[in-house]
Each structure stands twice: as C-alpha cells, then as structure tokens.
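Data first, discussion second: the structure below is written as structure tokens.
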Amino acid sequence: MQFTIKEGDQLIEFNDNDAPIDFIKIDASTYHVIHKNKTYKAQIIHADLKNKKIRIGILNQQFDLTIEDSLDHLIQKMGFNQSSLSKNKFIKAPMPGLVLELKVNKGDEVKAGYPLLILEAMKMENVIKSDQDGTIKRIEVQEKETVEKNQVLIEFE
C-alpha cells in the first residue's frame with residue numbers, strides 16, 4: 001500500500017518502508033487505522049475484491065488502492081503479473097450445442113459480463129458472456145453451427 005495523506009502541513013506516507021499498519025474493524029465499512037502511533041478513521045467507499053481494488057476515505061481524501069498478498073508478490077518476483085495470468089485468450093463452449101446468435105463482431109471491444117453469443121443446449125438457450133474486458137480478435141463459429149464441448153468459439157487479442 002503506497003499513498004500520501006496531507007493532514008494540515010504534515011504529510012503522512014503509507015508505503016512498504018514505513019512502520020506496520022494495524023486495522024481494527026469498527027463496522028462493515030469503517031476501520032480504525034493505527035500507523036506510527038497515530039490513529040485514523042478509514043471508510044471503505046467501494047470494494048472490487050475480484051479485481052483486488054478498493055477505494056478508501058481518510059481525512060476527507062479518497063485513495064484507490066490495490067490489495068496485494070504474498071502470492072501477488074511471488075508472481076511479481078517471478079516476472080509475471082497476475083492480470084496477464086488470469087486472462088483467457090479463448091472462450092470455449094461449456095457444452096455441446098447449437099450457436100443461435102452471435103452478439104459480437106471481430107474488432108468489438110467488450111467488458112466482462114458482456115454477452116458474446118447464445119448457445120442452445122438441451123432445448124435451453126444459454127448466454128455465453130465475456131469473462132474479461134478485451135477486444136474480439138476472431139470469431140471461430142457461425143450462427144446455426146453445432147459445436148462440441150471445449151471447442152473454441154471466440155478468441156481475444
């Protein structure tokens with residue numbers, strides 16, 4: 001965690017080289033922070049735990065933070081970053097079925113959760129959604145085409 005808070009004329013720096021930071025939970029979104037024998041009230045404004053991002057408020061200032069754990073540090077030490085490891089280049093068919101409708105085209109930029117296509121399997125329509133933000137590089141299937149389980153449907157850049 002690295003950020004700086006201006007408290008009057010004094011700067012308070014939280015970073016890897018500073019003293020440890022202790023957090024005491026007050027309620028669901030409020031924490032009592034102890035750092036270098038000083039206390040602060042911290043409010044969690046927004047938490048996106050899937051992407052390990054939080055926004056906190058301390059002393060009427062807001063900070064966007066990235067949550068890192070020992071696995072994140074190990075991945076960085078090995079020369080990788082977790083975001084590149086978690087992205088799938090391909091969307092594959094979760095089951096055999098019939099492609100009813102394509103919702104995207106080559107070159108489209110999509111956000112995680114965006115519908116990519118509708119796959120009919122066992123007389124049920126299943127919306128296949130993007131698991132990431134990205135750009136469509138190739139569409140490997142056409143409407144009315146039957147597909148097998150694990151067949152590549154769409155490739156991201």
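Here, A, B, ... name the chains of the structure tokens in the order displayed, residue numbers run from 1 inside each chain, and ligands are numbered from 1 in the same displayed order.
The neighbours of range 33-41 of chain A here are the residues that come within 6 Å of it, using only C-alpha atoms and leaving out any residue fewer than 6 positions away in the same chain; they are Ile21, Asp22 and Phe23 of chain A.
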### Task
May I have the residues within 8 Å of Ile136 in chain A as a ChimeraX atom specification, using only C-alpha atoms and disregarding those fewer than 3 positions away in the same chain?
/A:104-110,139,154-157
### Message
Please determine, counting only C-alpha atoms, which residue among A:Ala112, A:Met95, A:Val127, A:Val147 has the shortest atom-to-atom distance to Lys50 in chain A.
### Response
A:Ala112
### Query
Mind pulling up the distance from CA of Thr146 in chain A to CA of Lys123 in chain A?
13.3 Å
#### Entry: Residue contacts of Asn126 in chain A (12 Å, only C-alpha atoms) excluding same-chain residues fewer than 5 positions away, as a list in words
Ala93, Pro94, Met95, Pro96, Gly97, Leu98, Val99, Leu100, Glu101, Pro115, Leu116, Leu117, Ile118, Leu119, Glu120 and Ala121 of chain A
Keeping only C-alpha atoms, write the selected residues to a file as a compact mmCIF listing (two decimals), in the first residue's frame.
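Printed below is selection-v9.txt as written:
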# COMPACT_ATOMS: atom_id res chain seq x y z
CA ALA A 93 -18.03 -23.96 -25.48
CA PRO A 94 -19.01 -25.13 -21.99
CA MET A 95 -21.20 -27.86 -23.54
CA PRO A 96 -22.12 -29.22 -26.95
CA GLY A 97 -24.86 -27.22 -28.66
CA LEU A 98 -26.06 -25.00 -31.48
CA VAL A 99 -24.95 -21.40 -31.92
CA LEU A 100 -28.23 -19.48 -32.19
CA GLU A 101 -26.97 -15.92 -32.30
CA PRO A 115 -23.00 -11.30 -23.87
CA LEU A 116 -20.94 -12.81 -26.69
CA LEU A 117 -23.32 -15.41 -28.14
CA ILE A 118 -26.34 -17.57 -27.43
CA LEU A 119 -25.76 -21.32 -27.37
CA GLU A 120 -28.71 -23.73 -27.41
CA ALA A 121 -28.12 -26.93 -25.50
### Task
Could you tell me, as a ChimeraX atom specification, which residues of range 18-140 of chain A DSSP assigns to strand (DSSP E) when given the backbone?
/A:21-25,30-35,38-48,53-58,61-66,90-92,97-102,109-110,115-121,124-129,134-139
